[in-house]
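Next comes entry38.txt, a file with compact mmCIF, C-alpha atoms.
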```
# COMPACT_ATOMS: atom_id res chain seq x y z
CA MET A 36 57.85 98.66 114.74
CA ALA A 37 60.62 96.94 116.70
CA THR A 38 63.54 95.08 115.25
CA LEU A 39 65.96 92.47 116.41
CA PRO A 40 68.99 91.50 114.28
CA TYR A 41 69.35 87.75 113.94
CA SER A 42 70.78 85.02 111.81
CA THR A 43 68.30 82.48 110.46
CA SER A 44 70.83 79.71 110.91
CA ASN A 45 74.53 79.20 111.45
CA ASP A 46 74.92 79.73 107.74
CA SER A 47 76.37 83.24 107.42
CA SER A 48 75.07 83.53 103.85
CA LYS A 49 71.54 83.96 105.12
CA ASN A 50 70.79 87.03 107.20
CA GLY A 51 67.70 88.80 108.34
CA VAL A 52 65.72 90.44 111.12
CA TRP A 53 62.58 89.92 113.08
CA SER A 54 60.20 92.83 112.42
CA SER A 55 57.16 93.45 114.56
CA HIS A 56 54.02 95.53 113.91
CA SER A 57 51.34 95.88 116.59
CA ASN A 58 48.78 96.86 113.96
CA TRP A 59 50.09 94.74 111.10
CA ASN A 60 48.04 92.03 109.44
CA PRO A 61 50.58 89.29 108.69
CA TRP A 62 48.45 87.79 105.96
CA VAL A 63 48.74 90.81 103.67
CA THR A 64 51.71 92.67 102.24
CA PRO A 65 53.79 94.16 105.05
CA VAL A 66 54.24 97.92 105.30
CA PRO A 67 57.46 99.29 103.79
CA VAL A 68 60.40 99.68 106.11
CA LYS A 69 63.83 101.18 105.84
CA GLN A 70 66.83 98.90 105.76
CA ARG A 71 70.54 99.28 105.97
CA TYR A 72 73.45 96.83 105.96
CA SER A 73 75.40 96.51 109.15
CA SER A 74 78.88 95.24 108.27
CA GLY A 75 79.75 94.59 111.88
CA ALA A 76 76.81 92.32 112.55
CA GLY A 77 76.73 90.87 109.06
CA ASN A 78 72.98 91.42 108.90
CA PHE A 79 70.54 93.69 107.20
CA VAL A 80 68.88 95.71 109.94
CA VAL A 81 65.36 96.96 109.41
CA GLU A 82 64.69 100.26 111.16
CA GLU A 83 61.55 102.26 111.78
CA THR A 84 61.14 104.71 114.65
CA TYR A 85 57.89 105.70 116.28
CA ASN A 86 57.78 108.92 118.28
CA ARG A 87 55.34 107.75 120.92
CA TYR A 88 55.79 104.00 121.15
CA GLN A 89 58.43 101.48 120.17
CA PRO A 90 57.49 97.92 121.23
CA GLN A 91 60.18 95.33 121.91
CA ALA A 92 60.59 92.44 119.49
CA MET A 93 59.87 89.12 121.13
CA PRO A 94 62.28 86.20 120.60
CA VAL A 95 60.90 82.86 119.54
CA ASN A 96 60.46 80.55 122.53
CA ASN A 97 58.20 77.84 123.89
CA ASN A 98 55.34 80.35 124.14
CA THR A 99 55.44 81.17 120.48
CA ILE A 100 53.34 79.64 117.73
CA VAL A 101 55.41 79.09 114.62
CA ASP A 102 53.62 79.03 111.28
CA SER A 103 55.82 79.02 108.19
CA LYS A 104 57.60 82.36 108.09
CA TYR A 105 55.51 83.87 110.91
CA GLN A 106 56.02 83.69 114.66
CA MET A 107 53.02 84.58 116.79
CA PRO A 108 53.36 84.97 120.57
CA ASN A 109 50.46 83.28 122.34
CA SER A 110 50.02 86.20 124.72
CA ASN A 111 49.26 88.58 121.86
CA TYR A 112 47.61 86.17 119.48
CA HIS A 113 44.19 87.80 120.03
CA LYS A 114 45.62 91.12 118.89
CA GLU A 115 46.86 89.52 115.69
CA LYS A 116 50.32 90.85 116.45
CA ALA A 117 52.85 89.01 114.32
CA ILE A 118 56.54 88.81 113.89
CA LYS A 119 57.66 88.19 110.36
CA GLU A 120 61.03 86.94 109.26
CA ILE A 121 62.59 89.02 106.50
CA GLU A 122 65.40 87.10 104.89
CA HIS A 123 68.13 88.63 102.84
CA LYS A 124 70.54 86.77 100.64
CA SER A 125 73.88 88.52 100.74
CA LYS A 126 75.11 89.12 97.20
CA ASP A 127 78.76 88.55 98.06
CA GLU A 128 79.31 86.45 101.16
CA HIS A 129 82.68 86.93 102.76
CA LEU A 130 85.15 84.20 103.59
CA ARG A 131 85.98 83.57 107.22
CA GLU A 132 89.30 85.27 107.89
CA GLU A 133 90.46 82.74 110.47
CA ARG A 134 90.15 80.00 107.83
CA PHE A 135 91.14 81.55 104.52
CA MET A 136 93.68 84.15 105.57
CA GLY A 137 97.20 83.51 106.80
CA LEU A 138 100.70 82.47 105.81
CA LEU A 139 101.16 79.18 104.00
CA ILE A 140 103.67 78.14 106.64
CA SER A 141 104.40 79.80 109.96
CA SER A 142 106.95 82.60 109.91
CA GLU A 143 109.08 80.78 112.50
CA SER A 144 109.61 77.84 110.15
CA SER A 145 109.43 79.68 106.84
CA PHE A 146 111.93 78.44 104.30
CA GLY A 147 113.43 76.05 106.79
CA GLY A 148 112.91 72.79 104.94
CA HIS A 149 110.13 70.26 104.51
CA PHE A 150 109.16 66.81 105.65
CA GLY A 151 107.85 65.51 102.35
CA SER A 152 104.61 63.61 102.00
CA ALA A 153 105.00 61.62 105.22
CA SER A 154 104.24 64.01 108.07
CA PRO A 155 105.68 62.84 111.40
CA PHE A 156 102.30 63.62 112.93
CA PHE A 157 100.53 61.07 110.69
CA ILE A 158 103.25 58.51 111.30
CA GLU A 159 102.76 58.79 115.06
CA ILE A 160 98.96 58.67 114.71
CA LYS A 161 99.13 55.36 112.83
CA LYS A 162 101.52 53.94 115.41
CA TYR A 163 99.10 54.93 118.16
CA LEU A 164 96.19 53.26 116.34
CA ASN A 165 98.28 50.19 115.41
CA PHE A 166 97.65 50.80 111.73
CA GLU A 167 99.91 49.75 108.93
CA PRO A 168 101.57 52.70 107.15
CA ASN A 169 99.07 52.67 104.27
CA ASP A 170 96.03 51.57 106.28
CA ILE A 171 93.33 53.95 107.54
CA SER A 172 91.01 51.20 108.69
CA SER A 173 88.10 51.72 106.33
CA LYS A 174 88.20 48.29 104.70
CA THR A 175 85.40 46.74 106.74
CA LEU A 176 82.44 48.05 108.67
CA ALA A 177 83.76 46.53 111.90
CA MET A 178 87.13 48.19 111.50
CA THR A 179 85.43 51.47 110.64
CA SER A 180 83.34 51.32 113.81
CA MET A 181 86.41 50.75 115.98
CA PHE A 182 88.21 53.62 114.29
CA ILE A 183 85.28 56.02 114.73
CA GLU A 184 85.05 55.17 118.42
CA LYS A 185 88.70 56.21 118.74
CA VAL A 186 87.94 59.46 116.91
CA ALA A 187 85.00 60.18 119.21
CA GLN A 188 86.96 59.36 122.36
CA GLY A 189 89.74 61.68 121.24
CA ILE A 190 87.33 64.58 120.64
CA ILE A 191 85.77 64.13 124.09
CA GLU A 192 89.16 63.97 125.81
CA GLU A 193 90.36 67.08 123.99
CA GLY A 194 87.18 68.86 125.02
CA LYS A 195 87.79 67.93 128.67
CA GLN A 196 91.29 69.35 128.54
CA ILE A 197 90.11 72.74 127.32
CA GLY A 198 86.92 72.97 129.37
CA LYS A 199 84.48 72.20 126.55
CA GLU A 200 83.44 68.68 127.47
CA ARG A 201 79.71 69.12 126.78
CA LYS A 202 80.35 70.56 123.32
CA ALA A 203 82.83 67.78 122.61
CA GLU A 204 80.33 65.09 123.62
CA LYS A 205 77.77 66.51 121.17
CA MET A 206 80.31 66.56 118.37
CA ALA A 207 81.43 63.01 119.12
CA ALA A 208 77.81 61.84 119.11
CA MET A 209 77.31 63.33 115.65
CA LEU A 210 80.10 61.09 114.37
CA THR A 211 79.21 57.88 116.18
CA GLN A 212 75.61 58.13 114.96
CA LYS A 213 76.98 57.60 111.45
CA LYS A 214 79.42 54.76 112.16
CA ASN A 215 77.05 52.03 110.96
CA GLU A 216 76.25 53.88 107.74
CA GLY A 217 79.67 53.43 106.19
CA ILE A 218 82.84 55.48 105.94
CA GLU A 219 81.29 57.81 103.33
CA GLU A 220 78.66 59.16 105.72
CA VAL A 221 81.17 59.30 108.57
CA TRP A 222 83.60 61.32 106.48
CA LYS A 223 80.89 63.77 105.42
CA GLN A 224 80.14 64.37 109.08
CA CYS A 225 83.85 64.75 109.79
CA VAL A 226 84.12 67.50 107.17
CA TYR A 227 81.02 69.19 108.54
CA LEU A 228 82.58 69.30 112.01
CA TYR A 229 85.92 70.50 110.68
CA THR A 230 84.32 73.38 108.77
CA SER A 231 82.03 74.36 111.63
CA THR A 232 82.87 76.94 114.27
CA ASN A 233 84.26 74.89 117.14
CA PHE A 234 87.52 74.11 118.93
CA LEU A 235 88.59 71.29 116.58
CA TYR A 236 89.88 73.46 113.75
CA LYS A 237 92.01 75.73 115.92
CA ALA A 238 93.31 72.95 118.16
CA LEU A 239 94.27 70.71 115.25
CA ASN A 240 96.00 73.36 113.16
CA THR A 241 97.80 74.86 116.15
CA THR A 242 99.16 71.42 117.02
CA MET A 243 100.23 70.53 113.49
CA LYS A 244 102.16 73.80 113.12
CA LEU A 245 104.50 72.55 115.84
CA VAL A 246 105.49 69.43 113.90
CA GLY A 247 109.11 69.59 112.84
CA ASP A 248 110.13 71.93 115.66
CA LYS A 249 112.30 69.86 118.00
CA GLU A 250 111.68 72.26 120.88
CA GLN A 251 107.92 71.72 120.55
CA GLU A 252 107.98 67.98 119.87
CA ASN A 253 106.68 66.95 123.29
CA ILE A 254 103.73 69.32 122.93
CA TRP A 255 102.43 67.96 119.63
CA ARG A 256 103.11 64.34 120.57
CA ILE A 257 100.77 64.50 123.60
CA LYS A 258 97.98 65.53 121.19
CA VAL A 259 98.29 62.38 119.09
CA PRO A 260 95.71 60.39 121.15
CA THR A 261 93.14 63.22 121.23
CA LEU A 262 93.41 65.00 117.88
CA GLY A 263 95.24 62.33 115.89
CA PRO A 264 92.33 60.01 115.01
CA PHE A 265 90.16 62.92 113.81
CA CYS A 266 93.09 64.27 111.79
CA LEU A 267 93.56 60.89 110.10
CA LEU A 268 89.84 60.51 109.42
CA LEU A 269 89.77 63.90 107.68
CA LEU A 270 92.59 62.78 105.40
CA ASN A 271 90.72 59.61 104.41
CA ASN A 272 88.50 60.93 101.62
CA PRO A 273 86.50 57.84 100.56
CA PHE A 274 85.14 59.44 97.41
CA THR A 275 88.41 59.79 95.55
CA LYS A 276 92.01 58.72 95.90
CA GLU A 277 93.10 60.53 92.76
CA LEU A 278 95.39 63.53 92.79
CA THR A 279 93.84 66.89 91.99
CA LYS A 280 95.24 68.27 88.76
CA ASN A 281 95.06 71.46 86.72
CA LYS A 282 93.13 73.60 89.17
CA THR A 283 93.72 77.13 90.50
CA ILE A 284 92.92 77.98 94.11
CA TYR A 285 93.40 81.08 96.25
CA ARG A 286 94.27 82.17 99.76
CA SER A 287 94.95 85.57 101.32
CA ALA A 288 97.32 86.96 103.91
CA ASN A 289 98.47 90.15 105.58
CA MET A 290 102.21 90.13 105.01
CA THR A 291 105.00 92.36 106.24
CA PRO A 292 107.69 93.72 103.90
CA GLU A 293 110.15 91.26 105.44
CA GLN A 294 107.87 88.33 104.65
CA ILE A 295 107.40 89.54 101.08
CA VAL A 296 111.18 89.61 100.65
CA GLN A 297 111.38 85.98 101.75
CA TYR A 298 108.98 84.96 98.99
CA GLU A 299 110.84 87.10 96.47
CA GLU A 300 114.07 85.30 97.36
CA MET A 301 112.35 81.96 97.02
CA ALA A 302 111.09 82.94 93.55
CA LYS A 303 114.68 83.63 92.48
CA ASN A 304 115.80 80.16 93.55
CA LYS A 305 113.97 77.81 91.19
CA SER A 306 115.04 74.74 93.13
CA SER A 307 113.64 76.07 96.41
CA HIS A 308 110.45 74.50 97.68
CA GLN A 309 108.41 74.01 100.85
CA SER A 310 105.67 71.67 102.02
CA PHE A 311 102.42 72.38 103.82
CA LYS A 312 102.55 71.27 107.45
CA VAL A 313 98.86 71.69 108.25
CA TYR A 314 95.49 71.40 106.55
CA THR A 315 95.26 74.68 104.64
CA SER A 316 91.94 76.17 103.56
CA CYS A 317 91.77 77.74 100.11
CA THR A 318 88.93 78.77 97.84
CA ARG A 319 88.14 78.45 94.16
CA ASN A 320 86.61 81.94 94.27
CA ARG A 321 89.25 84.55 93.48
CA LYS A 322 86.88 87.47 94.08
CA LYS A 323 86.19 86.41 97.64
CA ALA A 324 89.84 85.66 98.40
CA LYS A 325 91.15 89.00 97.16
CA ALA A 326 88.75 90.84 99.46
CA LEU A 327 90.99 89.85 102.38
CA GLY A 328 94.44 91.01 103.40
CA ASN A 329 97.17 92.75 101.41
CA THR A 330 98.43 89.64 99.61
CA LEU A 331 96.76 87.11 97.33
CA PHE A 332 98.28 83.66 96.87
CA ILE A 333 97.44 82.29 93.42
CA MET A 334 98.12 78.56 93.51
CA GLU A 335 98.27 76.50 90.34
CA VAL A 336 97.76 72.87 91.30
CA LEU A 337 99.79 70.67 88.97
CA ASP A 338 99.02 67.58 91.04
CA GLY A 339 98.42 67.03 94.73
CA PHE A 340 96.13 65.67 97.43
CA ILE A 341 93.77 68.61 97.60
CA MET A 342 90.19 67.90 98.60
CA ASP A 343 87.10 69.70 97.39
CA ILE A 344 85.14 69.69 100.66
CA SER A 345 82.58 72.33 99.70
CA PRO A 346 79.72 69.82 99.10
CA TYR A 347 79.96 68.68 102.73
CA SER A 348 81.04 71.91 104.38
CA LYS A 349 78.76 73.81 106.73
CA TYR A 350 79.62 76.85 104.59
CA SER A 351 79.44 75.52 101.05
CA GLU A 352 79.40 79.04 99.58
CA GLU A 353 83.06 79.39 100.56
CA GLU A 354 83.95 76.91 97.79
CA GLU A 355 86.65 75.40 99.97
CA GLU A 356 89.54 73.35 98.66
CA LEU A 357 91.59 71.80 101.46
CA ILE A 358 95.31 71.31 100.92
CA THR A 359 96.55 68.27 102.83
CA PRO A 360 99.85 68.21 104.75
CA GLY A 361 102.82 67.13 102.65
CA VAL A 362 101.83 68.87 99.40
CA ARG A 363 104.80 70.85 98.15
CA PHE A 364 104.96 74.28 96.60
CA CYS A 365 107.42 76.57 94.91
CA VAL A 366 107.13 80.31 94.33
CA LYS A 367 107.04 81.27 90.65
CA SER A 368 106.69 85.03 90.96
CA VAL A 369 105.94 87.93 93.30
CA ALA A 370 104.38 91.08 91.88
CA PHE A 371 102.74 94.21 93.26
CA ASP A 372 99.44 95.33 91.75
CA GLN A 373 99.46 99.11 92.13
CA LYS A 374 95.83 99.49 91.09
CA LYS A 375 94.63 96.99 93.68
CA ASN A 376 97.37 97.91 96.20
CA ARG A 377 98.18 94.29 96.94
CA TYR A 378 100.85 91.69 96.30
CA LEU A 379 100.18 88.76 93.99
CA ILE A 380 102.24 85.65 94.73
CA ASN A 381 102.05 82.87 92.16
CA LEU A 382 102.85 79.33 93.27
CA GLU A 383 102.94 75.85 91.78
CA LEU A 384 101.77 72.91 93.88
CA ARG A 385 102.90 69.30 93.47
CA GLN A 386 102.60 66.16 95.53
CA LYS A 387 106.15 65.10 94.74
CA LEU A 388 109.12 66.75 93.15
CA THR A 389 109.95 65.79 89.59
CA SER A 390 113.49 64.74 88.79
CA LYS A 391 115.18 66.63 86.02
```
Please lay out the structure from this file as structure tokens.
Amino acid sequence: MATLPYSTSNDSSKNGVWSSHSNWNPWVTPVPVKQRYSSGAGNFVVEETYNRYQPQAMPVNNNTIVDSKYQMPNSNYHKEKAIKEIEHKSKDEHLREERFMGLLISSESSFGGHFGSASPFFIEIKKYLNFEPNDISSKTLAMTSMFIEKVAQGIIEEGKQIGKERKAEKMAAMLTQKKNEGIEEVWKQCVYLYTSTNFLYKALNTTMKLVGDKEQENIWRIKVPTLGPFCLLLLNNPFTKELTKNKTIYRSANMTPEQIVQYEEMAKNKSSHQSFKVYTSCTRNRKKAKALGNTLFIMEVLDGFIMDISPYSKYSEEEEELITPGVRFCVKSVAFDQKKNRYLINLELRQKLTSK
């Protein structure tokens, strides 16, 4: 029997292998095989070694007949040689580290102030699009179509600048195909693209981290025409305009002792607060979050623009809650869990500060 690790789709929650038997009748129960979990590949790998002969697994291609869960190469069809997909549902899918792990604000700007609910980046985006301050151009279908064209053009231009024009064109096409179906369908597709593995997430968040740094101002401003429209579209959740209240979300980080001290000092100063500069991915699933890093952020949302994007995410099992730029937080406590060997940092999130 030969094996070939694979992923049945881009969904990391579904893993499997192609297993091949030269003398196996695919229409009856397959022979038992050994299996192990390969943490590096993220797949279950089926293994069986033959002393005399170990045929190579054949990938599915244009010369393969596909019938339900079976793939039969034409060249060996007369031998009834089949390749069967063995799917495994991982019991505890992991979060993507690049999304759900990291400091709440960059170390360079930590505890250096905030820009409130009106991010300079969004202000410049609206100026570029000739929008009114509170307008995101979703009032009419015609306005929506014009806006989406700007989003698509920006994605393509950004792709050209980083050498990924073909990928960018495909992504832009996915959005423009929805522009006549209403802002709801467009926004769903926007979330799907944002949560997928592509250059948009990294480019957008890297740019937004520069906002507020006067030395980097020219860098983030030149990204307004390319990344700005997509960034604004992501903010425009058409399904709800209400603040999220009374919810607990989680995020992880690997923090140095010096960074821990900063949060401890912030916890001592009850009037100290910060605001999120970028879209920040969190999860409702504490178990998954605490599997990463040496620090767990436990965020109690009192009220704030935090979007549940899991229904439209490419990875819905991550249970993602997306904190929008401008939401403020204060540190309530920092504690070290000796049993778990990790820091627990409790925060409160608000959209605006309350006057006392």
Neighbouring residues of Lys303 of chain A were defined as those with any atom within 9 Å, considering only C-alpha atoms; residues of the same chain fewer than 6 positions away were excluded. Please report them as number ranges by chain. A: 366-368
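Atom pair atom CA of Ala153 of chain A / atom CA of Phe265 of chain A: separated by 17.2 Å.
When only C-alpha atoms are used to measure the gap to Thr211 of chain A, the shortest distance among A:Leu379, A:Cys225, A:Ile183, A:Leu262 belongs to A:Ile183.
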To one decimal place in Å, what is the distance between atom CA of Phe157 of chain A and atom CA of Met342 of chain A? 17.3 Å
Quick one: everything within 6 Å of Thr318 of chain A, counting only C-alpha atoms, minus sequence neighbours fewer than 2 positions away in the same chain. Send it as a PyMOL selection string. chain A and resi 284-285+320+354-356
C-alpha atoms of the current selection, written as an mmCIF file, in the frame of the given file:
```
data_model
loop_
_atom_site.group_PDB
_atom_site.id
_atom_site.type_symbol
_atom_site.label_atom_id
_atom_site.label_comp_id
_atom_site.auth_asym_id
_atom_site.auth_seq_id
_atom_site.Cartn_x
_atom_site.Cartn_y
_atom_site.Cartn_z
ATOM 1 C CA ILE A 284 92.920 77.980 94.110
ATOM 2 C CA TYR A 285 93.400 81.080 96.250
ATOM 3 C CA ASN A 320 86.610 81.940 94.270
ATOM 4 C CA GLU A 354 83.950 76.910 97.790
ATOM 5 C CA GLU A 355 86.650 75.400 99.970
ATOM 6 C CA GLU A 356 89.540 73.350 98.660
#
```
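Remark: for Phe156 of chain A, the closest of the candidate residues A:Lys237, A:Lys223, A:Lys213, A:Arg256 is A:Arg256 (distances computed over all atoms listed in the file).
Note that the spacing between atom CA of Gly194 of chain A and atom CA of Asn233 of chain A amounts to 10.3 Å.
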